[in-house]
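Reproduced below: input_37.txt, with compact mmCIF, C-alpha atoms and all ligand atoms.
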# COMPACT_ATOMS: atom_id res chain seq x y z
CA MET A 806 42.04 -16.92 -0.70
CA ASN A 807 39.14 -15.15 1.00
CA ASP A 808 40.31 -11.57 1.04
CA GLN A 809 37.08 -9.96 -0.23
CA SER A 810 34.55 -11.57 2.10
CA ALA A 811 36.35 -10.74 5.31
CA CYS A 812 35.79 -7.25 6.63
CA PRO A 813 39.02 -5.92 7.97
CA ALA A 814 39.10 -4.76 11.55
CA SER A 815 41.80 -2.32 10.73
CA PRO A 816 41.03 1.39 10.52
CA ALA A 817 38.58 1.50 7.72
CA THR A 818 37.55 4.28 5.50
CA ARG A 819 33.87 5.07 5.12
CA ARG A 820 33.97 3.39 1.76
CA THR A 821 35.24 0.10 3.07
CA VAL A 822 32.64 0.07 5.86
CA LEU A 823 29.85 0.54 3.34
CA GLN A 824 31.25 -2.09 1.05
CA CYS A 825 31.57 -4.47 3.90
CA ALA A 826 28.04 -3.84 5.08
CA ALA A 827 26.70 -4.42 1.60
CA LEU A 828 28.52 -7.68 1.33
CA THR A 829 27.34 -8.98 4.66
CA GLY A 830 23.69 -8.21 3.99
CA THR A 831 23.21 -5.48 6.54
CA ALA A 832 23.40 -2.74 4.02
CA GLY A 833 19.99 -1.28 4.79
CA LEU A 834 20.77 -0.17 8.31
CA ALA A 835 24.35 0.73 7.58
CA LEU A 836 23.50 2.83 4.58
CA THR A 837 20.79 4.80 6.26
CA ALA A 838 23.03 5.44 9.22
CA CYS A 839 25.89 6.60 7.05
CA SER A 840 23.96 8.63 4.54
CA SER A 841 22.71 11.12 7.07
CA GLY A 842 26.16 11.75 8.36
CA SER A 843 27.91 13.22 5.37
CA SER A 844 25.28 14.07 2.82
CA GLY A 845 23.94 16.92 4.86
CA GLY A 846 20.26 16.93 5.66
CA GLY A 847 17.82 14.22 4.84
CA SER A 848 17.53 12.86 8.32
CA THR A 849 14.45 14.81 9.31
CA ALA A 850 12.04 12.11 8.26
CA SER A 851 11.89 10.50 11.64
CA ALA A 852 8.57 9.06 12.69
CA SER A 853 6.89 11.27 15.23
CA THR A 854 3.61 10.83 16.98
CA THR A 855 0.61 12.44 15.37
CA ASP A 856 0.35 15.92 16.70
CA SER A 857 -0.81 17.91 13.73
CA THR A 858 -4.11 19.33 14.89
CA GLY A 859 -3.80 19.31 18.61
CA SER A 860 -3.24 16.75 21.24
CA SER A 861 -6.70 15.37 21.62
CA ALA A 862 -5.70 11.92 20.49
CA SER A 863 -2.94 11.71 23.04
CA SER A 864 -5.23 12.67 25.92
CA GLY A 865 -7.18 9.47 25.57
CA GLU A 866 -10.08 10.90 23.63
CA VAL A 867 -11.56 8.73 20.94
CA GLU A 868 -12.43 10.25 17.60
CA LEU A 869 -15.97 9.25 16.71
CA GLY A 870 -16.58 10.98 13.41
CA MET A 871 -17.73 14.20 11.85
CA THR A 872 -20.42 16.43 13.31
CA SER A 873 -22.05 16.39 9.89
CA GLU A 874 -22.87 12.71 10.41
CA VAL A 875 -25.31 13.62 13.18
CA PRO A 876 -28.56 15.09 11.88
CA VAL A 877 -30.21 17.96 13.74
CA GLY A 878 -33.03 16.45 15.78
CA GLY A 879 -31.57 13.00 15.27
CA ALA A 880 -28.64 10.87 16.27
CA LYS A 881 -25.81 8.73 15.05
CA ILE A 882 -24.82 5.50 16.73
CA PHE A 883 -21.11 4.74 16.67
CA ARG A 884 -21.47 1.01 17.10
CA GLU A 885 -17.80 0.15 17.38
CA VAL A 886 -17.64 2.10 20.63
CA GLN A 887 -21.34 1.78 21.58
CA ILE A 888 -21.91 5.52 21.79
CA ILE A 889 -24.91 7.45 20.54
CA VAL A 890 -24.47 11.14 19.72
CA THR A 891 -27.56 13.30 19.45
CA GLN A 892 -27.98 16.81 18.14
CA PRO A 893 -31.14 18.16 19.80
CA LYS A 894 -30.49 21.67 18.45
CA ALA A 895 -28.20 22.79 15.68
CA GLY A 896 -24.68 22.83 17.02
CA THR A 897 -25.53 21.14 20.34
CA PHE A 898 -24.19 17.60 20.63
CA LYS A 899 -24.76 15.12 23.43
CA ALA A 900 -23.27 11.68 23.82
CA PHE A 901 -24.48 8.69 25.79
CA THR A 902 -23.70 5.06 26.01
CA ALA A 903 -25.75 3.28 23.36
CA ILE A 904 -26.43 0.33 25.65
CA CYS A 905 -29.93 0.29 27.05
CA THR A 906 -30.03 0.18 30.82
CA HIS A 907 -32.88 -2.33 30.80
CA ALA A 908 -31.34 -5.46 29.35
CA GLY A 909 -28.37 -4.30 27.34
CA CYS A 910 -29.69 -3.94 23.81
CA THR A 911 -28.13 -1.30 21.62
CA VAL A 912 -30.52 1.61 21.31
CA GLY A 913 -32.02 2.13 17.90
CA GLY A 914 -31.63 5.86 17.39
CA VAL A 915 -33.96 8.80 17.77
CA ALA A 916 -37.65 8.77 16.87
CA ASN A 917 -40.33 11.23 17.87
CA GLY A 918 -37.81 13.27 19.81
CA ALA A 919 -36.56 10.43 22.00
CA ILE A 920 -33.82 7.84 21.96
CA PHE A 921 -35.59 4.53 21.69
CA CYS A 922 -34.65 0.97 22.40
CA PRO A 923 -36.05 -1.52 19.89
CA CYS A 924 -36.02 -4.44 22.31
CA HIS A 925 -38.68 -3.50 24.85
CA GLY A 926 -39.53 0.07 24.01
CA SER A 927 -37.61 2.14 26.52
CA LEU A 928 -37.37 5.83 25.70
CA TYR A 929 -34.71 8.29 26.75
CA ASN A 930 -34.38 12.05 26.63
CA VAL A 931 -32.11 13.16 23.78
CA GLU A 932 -30.52 15.94 25.86
CA THR A 933 -30.08 14.25 29.21
CA GLY A 934 -30.45 10.53 28.64
CA ALA A 935 -33.16 10.42 31.33
CA VAL A 936 -35.77 7.70 31.11
CA LEU A 937 -39.00 8.88 29.47
CA GLY A 938 -40.74 5.56 29.33
CA GLY A 939 -40.52 1.81 29.18
CA PRO A 940 -38.84 -0.67 31.45
CA ALA A 941 -35.43 1.02 31.60
CA PRO A 942 -34.48 1.40 35.27
CA SER A 943 -32.10 4.31 34.82
CA ALA A 944 -30.85 6.96 32.44
CA LEU A 945 -28.34 6.33 29.72
CA PRO A 946 -24.98 7.33 31.16
CA SER A 947 -23.72 10.46 29.46
CA ILE A 948 -20.31 10.56 27.86
CA GLY A 949 -18.09 13.60 27.69
CA LEU A 950 -17.87 15.00 24.22
CA ASP A 951 -15.40 17.34 22.62
CA VAL A 952 -16.00 19.04 19.30
CA GLN A 953 -12.92 20.21 17.44
CA GLY A 954 -12.68 21.16 13.81
CA GLY A 955 -16.00 19.58 12.95
CA LYS A 956 -15.01 16.30 14.56
CA LEU A 957 -16.51 14.57 17.56
CA PHE A 958 -14.27 13.13 20.26
CA ALA A 959 -15.46 11.06 23.18
CA LYS A 960 -13.67 11.84 26.38
CA PRO A 961 -12.45 8.97 28.47
CA SER A 962 -14.65 8.16 31.43
CA SER A 963 -13.17 8.61 34.85
FE1 LIG B 1001 -33.87 -1.81 25.99
FE2 LIG B 1001 -35.24 -3.74 27.16
S1 LIG B 1001 -33.18 -3.78 26.51
S2 LIG B 1001 -35.91 -1.79 26.62
Would you kindly transcribe this structure into structure tokens?
Ligand code: FES
Amino acid sequence: MNDQSACPASPATRRTVLQCAALTGTAGLALTACSSGSSGGGSTASASTTDSTGSSASSGEVELGMTSEVPVGGAKIFREVQIIVTQPKAGTFKAFTAICTHAGCTVGGVANGAIFCPCHGSLYNVETGAVLGGPAPSALPSIGLDVQGGKLFAKPSS
């Protein structure tokens, strides 16, 4: 007869429910559900959203990197998001789109105190993004920047 493989629908003890679940292959879910009920504790490991150092990630800001990656008087290009961050003075950070307004090349960084584009030589102000020279028709659009705990976060554009 098949007495062991059938799970009885009759009032079952906790033991028979667990045994039945194990036999039917759904032990994983059943065991985790049962173990938190009677063992006391142990169910606090639920997955929560990251909220350990503030809520900047949840407000749509994008973490770029560390402030230490941006040299004073220079810049760092975060290519994956096409943002250039400059540090004209120690502790002052500015962010702009890294896409040249002339023909769409990615700017090359900072040289001689200006953001330069390697394609046709446009130059931009490191503090304002304004055009200093070359064929660029307009300034690099600035991007809101938040500095928290030594990290740089780009604010979402509106
Ligand atoms: Fe930058 Fe032409 S694309 S100067």
Proximity to ligand LIG 1001 (chain B) - best of A:Ala908, A:Ile889, A:Ile882, A:Met871, all atoms listed in the file =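 Among the listed residues, the smallest separation from ligand LIG 1001 (chain B) belongs to A:Ala908.
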Pick out the residues sitting within 12 Å of A:Asn917, and hand them over as JSON, numbers by chain; count only C-alpha atoms, and ignore anything fewer than 2 positions along from it in its own chain.
-> {"A": [878, 879, 880, 893, 914, 915, 919, 920, 921, 928, 929, 930, 931, 937]}
Export of prior selection with C-alpha atoms as a short mmCIF file (atom, residue, chain, number, x, y, z; two decimals), in the coordinates of the input:
data_model
loop_
_atom_site.label_atom_id
_atom_site.label_comp_id
_atom_site.auth_asym_id
_atom_site.auth_seq_id
_atom_site.Cartn_x
_atom_site.Cartn_y
_atom_site.Cartn_z
CA GLY A 878 -33.03 16.45 15.78
CA GLY A 879 -31.57 13.00 15.27
CA ALA A 880 -28.64 10.87 16.27
CA PRO A 893 -31.14 18.16 19.80
CA GLY A 914 -31.63 5.86 17.39
CA VAL A 915 -33.96 8.80 17.77
CA ALA A 919 -36.56 10.43 22.00
CA ILE A 920 -33.82 7.84 21.96
CA PHE A 921 -35.59 4.53 21.69
CA LEU A 928 -37.37 5.83 25.70
CA TYR A 929 -34.71 8.29 26.75
CA ASN A 930 -34.38 12.05 26.63
CA VAL A 931 -32.11 13.16 23.78
CA LEU A 937 -39.00 8.88 29.47
#
Please extract the residues at most 12 Å from ligand LIG 1001 (chain B), counting all atoms listed in the file, and provide them as a ChimeraX atom specification, using the chain letters and residue numbers of this document.
-> /A:903-914,920-929,936-945
May I ask for the distance between atom CA of A:Ile888 and atom CA of A:Thr902, given in Å to one decimal place?
-> 4.6 Å
Pick from A:Gly955, A:Gly918, A:Ala895, A:Thr933, whichever lies nearest to A:Gly870 using only C-alpha atoms |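 Nearest candidate to A:Gly870 out of A:Gly955, A:Gly918, A:Ala895, A:Thr933: A:Gly955.
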Between atom CA of A:Glu932 and atom CA of A:Ser864, distance in Å (one decimal) |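 Taking atom CA of A:Glu932 and atom CA of A:Ser864, their separation equals 25.5 Å.
Between atom CA of A:Leu957 and atom CA of A:Lys899 there is a distance of 10.1 Å.
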Nearest to A:Lys960, chosen from A:Lys881, A:Ala900, A:Glu874, A:Ala916, with all atoms listed in the file counted in the distances | A:Ala900
